[in-house]
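Reviewing the structure listed below.
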Amino acid sequence: MTSPSQVRSLYVKSFVVPFQNYKDQEYKVALHRYTKTPDAPNTGDIFLFTHAITAHKEQWVPMLEHLWANDDLNISEAWAYDSPNHGDSFHLNKEWIEKDMDSLSSAFTMIYAMRGVLKSGLLPVSESRKLIVVGHSAGTTAIVWNVVRCVEAKEPIPFSLAIIIEPTILTTEVATKVTMRMKPFVQMRPWQWESKEEAKEFFDENLPWSRWDKAIREVYVDHGMLHKAEGTELKTPAAIEAACYPNAEAQAYARDHFYEFAEKVPAHIILGTRTDFIPKPVQDDFVKYVDGHVQSIQWVKSGHMLIQENPKGCADAIRKILESSAVSGVPKAKL
């Protein structure tokens with residue numbers, strides 16, 4: 001653990017968590033604990049965030065700043081980790097990954113990483129401090145899988161509430177088609193620049209990054225990249241990110257077991273209004289599939305990268321969920 005530093009206005013403590021992946025290899029994850037103040041009280045409920053492919057743990061910060069702009073929510077800390085093949089975690093696991101690219105099955109890697117974080121003993125969950133899990137895209141499969149595995153193992157379920165953002169909880173056929181479309185784009189995109197300024201200019205001027213909120217682009221450049229004397233590059237090389245696709249098996253597992261998951265944990269869905277990654281007929285099918293099994297579905301003005309494009313809209317949607325729940329908000333009418 002390091003002493004508190006800052007990511008934008010939030011204070012952060014950093015941890016490294018060892019865990020065994022699905023091949024029983026020893027991996028590690030870089031984990032951050034975010035708070036509003038350096039000496040935040042050990043009271044209040046807790047967030048755990050799991051990100052999408054190509055994202056990283058610091059990209060939750062602008063959304064958290066909006067959510068924590070007022071002091072009315074009973075949430076004192078938020079934890080976020082880099083998937084073992086992303087960001088700072090990639091560099092902790094680089095030797096393993098370069099020897100065994102098959103271990104990059106992103107969703108399964110995220111699944112076991114989340115289990116490692118939950119088993120680490122670092123999250124101060126208790127009867128009076130509830131854990132609210134928030135997942136985006138491929139990260140949502142880790143939430144479903146861990147709940148179902150807890151049920152199968154007759155272990156306590158760690159989550160009191162689940163917030164599922166733009167999930168890739170799909171059938172095997174659809175998941176393969178959708179994710180394989182992304183692989184060549186991710187593989188061929190630039191990931192090295194001569195300077196930090198050149199990288200920033202590239203993201204400001206090119207889609208899809210130019211659609212992102214300015215604060216998110218700044219976080220991406222400041223914390224998602226390595227800045228060296230010889231140039232600037234993404235912490236996760238493009239070839240490594242591309243190798244995370246497809247992960248259809250894990251996504252199909254999450255769909256097949258979604259009802260079982262939703263019976264155990266109150267689940268809320270947040271979707272983007274622009275269907276730029278998951279086709280609209282697929283999103284419509286998912287909405288019908290989960291109807292009657294989730295507590296609410298909200299739409300936020302955004303595409304699939306909702307956290308990146310509209311962090312304030314995401315924060316507003318999460319606030320509505322918390323205010324409508326008995327967890328971390330004043331109970332109000334259901335959404």
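Identifiers for the structure tokens are assigned positionally: chains receive A, B, ... in sequence, residues are indexed from 1 per chain, and ligands are indexed from 1 in the order shown.
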(request) Write out as number ranges by chain the residues lying within 7 Å of segment 180-191 of chain A, counting only C-alpha atoms and excluding same-chain residues fewer than 4 positions away. (result) A: 176, 233-234, 237-239, 241-242, 245-246
(request) Please identify all polymer residues within 7 Å of Pro266 of chain A, counting only C-alpha atoms, omitting same-chain residues fewer than 2 positions from it, and present them as a list in words. (result) Leu161, Ala162, Ala262, Lys264, His268, Val294 and Gln295 of chain A
Deliver the residues from the most recent selection as a file, using N, CA, C and O atoms, as a JSON list (two decimals), in the first residue's frame.
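Saved the output as result_2.json:
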```json
[["chain", "number", "residue", "atom", "x", "y", "z"],
["A", 161, "LEU", "N", -26.18, -4.62, -3.75],
["A", 161, "LEU", "CA", -26.82, -3.97, -4.89],
["A", 161, "LEU", "C", -25.86, -4.07, -6.07],
["A", 161, "LEU", "O", -24.64, -3.95, -5.91],
["A", 162, "ALA", "N", -26.41, -4.27, -7.27],
["A", 162, "ALA", "CA", -25.59, -4.33, -8.49],
["A", 162, "ALA", "C", -26.12, -3.33, -9.51],
["A", 162, "ALA", "O", -27.33, -3.26, -9.76],
["A", 262, "ALA", "N", -30.07, -12.30, -10.58],
["A", 262, "ALA", "CA", -31.00, -11.22, -10.21],
["A", 262, "ALA", "C", -31.94, -11.63, -9.08],
["A", 262, "ALA", "O", -32.51, -10.75, -8.41],
["A", 264, "LYS", "N", -30.84, -13.09, -6.45],
["A", 264, "LYS", "CA", -30.03, -12.98, -5.24],
["A", 264, "LYS", "C", -29.60, -11.56, -4.93],
["A", 264, "LYS", "O", -29.39, -11.20, -3.76],
["A", 268, "HIS", "N", -29.89, -3.21, -11.18],
["A", 268, "HIS", "CA", -30.38, -2.09, -11.98],
["A", 268, "HIS", "C", -29.53, -1.99, -13.25],
["A", 268, "HIS", "O", -28.32, -2.21, -13.21],
["A", 294, "VAL", "N", -35.20, -7.26, -13.14],
["A", 294, "VAL", "CA", -34.35, -6.20, -12.62],
["A", 294, "VAL", "C", -35.22, -5.13, -11.98],
["A", 294, "VAL", "O", -36.42, -5.03, -12.25],
["A", 295, "GLN", "N", -34.62, -4.33, -11.11],
["A", 295, "GLN", "CA", -35.35, -3.31, -10.37],
["A", 295, "GLN", "C", -35.69, -2.10, -11.24],
["A", 295, "GLN", "O", -36.72, -1.47, -11.05]]
```
(message) Which residues are close to segment 43-45 of chain A, i.e. within 8 Å by only C-alpha atoms, leaving aside same-chain residues fewer than 2 positions away? Reply as a list in words.
(response)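 So, after excluding close chain neighbours, the residues are Pro41, Phe47, Asn74, Ile75, Ser76, Glu77, Val125, Ser128, Arg129, Lys130, Leu131, Ile132, Val327 and Ser328 of chain A.
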(request) Taking the DSSP assignment computed from this structure's backbone, write out as a PyMOL selection string all residues of segment 242-298 of chain A that belong to strand (DSSP E). (result) chain A and resi 267-272+296-298
(request) Could you tell me which of A:Leu122, A:Ala267, A:Val16, A:Ala252 comes closest to Gly135 of chain A if we count only C-alpha atoms? (result) A:Ala267
(message) So the first atom is atom CA of Phe202 of chain A and the second is atom CA of Leu64 of chain A; what is the distance between them in Å, to one decimal place?
(response)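 That distance, rounded to one decimal, is 25.8 Å.
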(request) Tell me which protein, DNA and RNA residues are within 12 Å of Glu152 of chain A, counting only C-alpha atoms, leaving out same-chain ones fewer than 5 positions away, and put them as a list of chain:residue names. (result) A:Trp145, A:Asn146, A:Val147, A:Ile157, A:His257, A:Glu260, A:Phe261
Selected residues written out with N, CA and C atoms, as an mmCIF file, in the first residue's frame:
```cif
data_model
loop_
_atom_site.group_PDB
_atom_site.id
_atom_site.type_symbol
_atom_site.label_atom_id
_atom_site.label_comp_id
_atom_site.auth_asym_id
_atom_site.auth_seq_id
_atom_site.Cartn_x
_atom_site.Cartn_y
_atom_site.Cartn_z
ATOM 1 N N TRP A 145 -21.079 -13.768 -12.675
ATOM 2 C CA TRP A 145 -20.351 -15.014 -12.414
ATOM 3 C C TRP A 145 -20.027 -15.165 -10.935
ATOM 4 N N ASN A 146 -19.546 -14.108 -10.298
ATOM 5 C CA ASN A 146 -19.155 -14.221 -8.891
ATOM 6 C C ASN A 146 -20.351 -14.464 -7.982
ATOM 7 N N VAL A 147 -21.486 -13.879 -8.303
ATOM 8 C CA VAL A 147 -22.682 -14.134 -7.497
ATOM 9 C C VAL A 147 -23.122 -15.589 -7.647
ATOM 10 N N ILE A 157 -23.069 -13.966 -0.279
ATOM 11 C CA ILE A 157 -22.993 -13.090 -1.451
ATOM 12 C C ILE A 157 -22.506 -11.720 -0.987
ATOM 13 N N HIS A 257 -27.226 -17.334 -16.801
ATOM 14 C CA HIS A 257 -27.419 -17.350 -15.349
ATOM 15 C C HIS A 257 -27.936 -16.020 -14.796
ATOM 16 N N GLU A 260 -30.845 -16.202 -12.236
ATOM 17 C CA GLU A 260 -30.369 -16.708 -10.946
ATOM 18 C C GLU A 260 -29.644 -15.610 -10.176
ATOM 19 N N PHE A 261 -28.818 -14.849 -10.902
ATOM 20 C CA PHE A 261 -28.110 -13.719 -10.292
ATOM 21 C C PHE A 261 -29.088 -12.677 -9.755
#
```
(message) Need to verify the contact set: His91 of chain A, 12 Å, only C-alpha atoms, exclusion of same-chain residues closer than 4 positions in sequence. Can you return it as a PyMOL selection string?
(response) chain A and resi 16+27-30+82-87+95-98+225-226+234-237+240
(request) Find the residue from A:Ser195, A:Gln25, A:Thr168, A:Ser120 that sits nearest to His227 of chain A; use only C-alpha atoms when measuring. (result) A:Ser195
Residues of segment 217-282 of chain A that approach segment 300-316 of chain A to 9 Å or less, counting only C-alpha atoms: could you list each one with the shortest pair of atoms and its distance in Å to one decimal, rows by chain and increasing residue number, as a tab-separated table?
```
residue	atom	partner	partner_atom	distance
A:Arg217	CA	A:Gln308	CA	8.1
A:Ile270	CA	A:Val300	CA	7.1
A:Leu271	CA	A:Val300	CA	6.2
A:Gly272	CA	A:Ser302	CA	4.7
A:Thr273	CA	A:Lys301	CA	5.2
A:Arg274	CA	A:Gly303	CA	4.5
A:Thr275	CA	A:Gly303	CA	5.9
A:Asp276	CA	A:Gly303	CA	5.8
A:Phe277	CA	A:His304	CA	5.9
A:Ile278	CA	A:His304	CA	7.4
```
